[in-house]
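Structure, as structure tokens:
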Amino acid sequence: MSDSQTPAAPFTELVNLASRLLGAGVVATNEDTFADAENLLVAKAAEFRAHTFGHKGQIMDGWESKRRRGVSAEQPHPTDEDHDWAIVRLGVAGRVHGVIVDTAHFTGNYPESGSVQAASIPGLPSVEELAAARWTDLVPRTALRGDTAHEFAVEDPTRYTHVRLNIWPDGGVARLRVHGEVLPDPRDLDGLTFDLAAQEYGGVAEAASDRYFSSPHNLNAPGRASVMGEGWETRRRRDKANDWVQIALAGGGEVLAVEVDTTHFVANAPGWADLVGYDAVAGGSPDADPDGWFEILPRTRLQPDTRHRLRLDAGRTVTHVRINVYPDGGLARLRLTGKLTEAGRAALALRWFNALPTAEAAQALTEAGLTEAEARTLAAARSAAGPAGLSAAGLSAAGFSAAGLRAAVAELQPADGPDGTETSRRAAAIWRLLGV
């Protein structure tokens with residue numbers, strides 16, 4: 001754990017899965033008398049205004065529970081296990097790589113300790129179903145400080161849909177951030193064109209030349225920017241170079257159209273922009289292979305405060321895109337409408353499948369056409385398959401590779417007969433679900 005008032009851990013460069021812009025919400029809490037648990041997910045940093053009192057005391061920008069008491073005059077203090085909790089439905093399901101528990105401005109009323117748990121609960125579960133779910137510790141019970149952004153790195157390969165923040169025995173937390181790798185269900189994307197760069201499908205702004213005024217992660221955020229500060233803006237250049245942002249797409253695909261949006265950038269929009277792409281399907285690295293980039297959109301004149309929508313010639317597969325702006329300035333959003341290639345869909349499906357809890361992976365295989373016994377065997381074999389390579393965001397992943405999956409399917413019992421019926425059925429099921 002690291003703690004500071006300015007979060008700077010590497011995982012903060014990943015998508016905040018608990019962003020309300022992505023659809024996150026507080027779905028249950030046992031206690032928020034002093035301040036609503038929904039404040040945990042507010043996008044802006046917590047604020048404090050002294051001597052602003054409501055009917056329940058000082059107004060706090062965060063989640064705050066009432067003071068706990070014991071059961072009697074002889075036992076006036078809460079037990080060591082008495083605690084409060086809040087459950088958050090993540091805006092998008094994914095692998096969690098880090099959590100921030102921020103107690104900003106809570107100095108005499110912060111919790112003594114806290115923990116963060118996670119669960120994978122398909123569909124739209126009720127409060128009762130959430131309570132009955134199996135919860136896994138991402139961050140074990142840990143001492144907390146007041147007015148501090150506690151950064152916790154997480155190493156867990158599982159895809160989760162919900163997190164639960166627990167605090168002992170009571171108190172206040174200003175913000176909760178859950179950073180990680182978005183892993184959408186590939187079946188939901190079949191046959192669709194969509195924004196390959198969007199955060200909600202797994203796009204990540206990996207690198208940028210400059211982020212002086214605002215973050216490059218705003219470029220592929222949901223919705224439209226409501227003010228200039230919700231876009232990406234660089235400082236003024238005093239040399240002859242240019243600024244850029246590099247985005248890892250949700251998966252390998254064909255980009256069919258682009259929208260370069262300079263809304264709100266009236267006096268500081270770039271003069272021109274171009275797009276270049278990179279195909280990492282064969283295992284290359286866009287950072288180590290400068291000659292592997294190719295043109296998608298030639299240098300094009302931009303207008304201030306304008307949404308520029310341009311059709312592109314479908315052609316080469318793209319896994320990464322870099323937008324270059326000349327010479328500097330700001331953009332509100334970048335949209336890259338396209339569709340996954342067959343190989344891109346298969347790679348995304350494998351990352352998703354390898355991260356599913358065992359029961360969910362077996363259920364998906366059964367729905368695709370394997371028997372329940374075959375599905376359980378194959379789902380359980382993922383943990384013994386070893387590393388499967390890299391995700392679209394460059395993060396290590398464990399589980400089956402495409403070749404490893406084919407080998408595991410070939411070993412399923414019962415063995416096939418001379419007519420090859422079992423082999424054909426199993427192959428069709430794996431292709432239907434994973435494209436392998």
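Naming scheme: A, B, ... for chains in displayed order of the structure tokens; residues 1 onward per chain; ligands 1 onward as shown.
Residues surrounding stretch 232-244 of chain A within 7 Å are Ala208, Ser209, Asp210, Arg211, Tyr212, Phe213, Ser214, Ser215, Pro216, Asn218, Leu219, Arg322, Ile323, Asn324, Val325, Tyr326, Pro327, Asp328, Gly329, Gly330, Leu331 and Ala332 of chain A [only C-alpha atoms; sequence separation below 4 positions excluded].
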Legend entry - Nearest to A:Gly284 by atom-to-atom distance, counting only C-alpha atoms, from A:Ser115, A:Thr319, A:Ser126, A:Thr136: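 Using only C-alpha atoms, A:Gly284 sits closest to A:Thr319.
Between atom CA of A:Glu422 and atom CA of A:Ala380 the interatomic distance comes to 20.2 Å.
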Inset, instruction - Report the residues of stretch 1-170 of chain A whose backbone DSSP state falls under strand (DSSP E), written as number ranges by chain. - result: A: 2-4, 15-16, 25-29, 53-54, 57-58, 63-64, 84-102, 113-119, 136-143, 149-153, 159-168
Against stretch 306-317 of chain A, which residues of stretch 340-382 of chain A fall within 10 Å? For each one I want the closest pair of atoms and the distance in Å (one decimal), counting only C-alpha atoms, rows by chain and increasing residue number, as JSON lines.
{"residue": "A:Leu340", "atom": "CA", "partner": "A:Thr317", "partner_atom": "CA", "distance": 8.8}
{"residue": "A:Thr341", "atom": "CA", "partner": "A:Thr317", "partner_atom": "CA", "distance": 7.3}
{"residue": "A:Ala343", "atom": "CA", "partner": "A:Thr317", "partner_atom": "CA", "distance": 9.4}
{"residue": "A:Gly344", "atom": "CA", "partner": "A:Thr317", "partner_atom": "CA", "distance": 8.6}
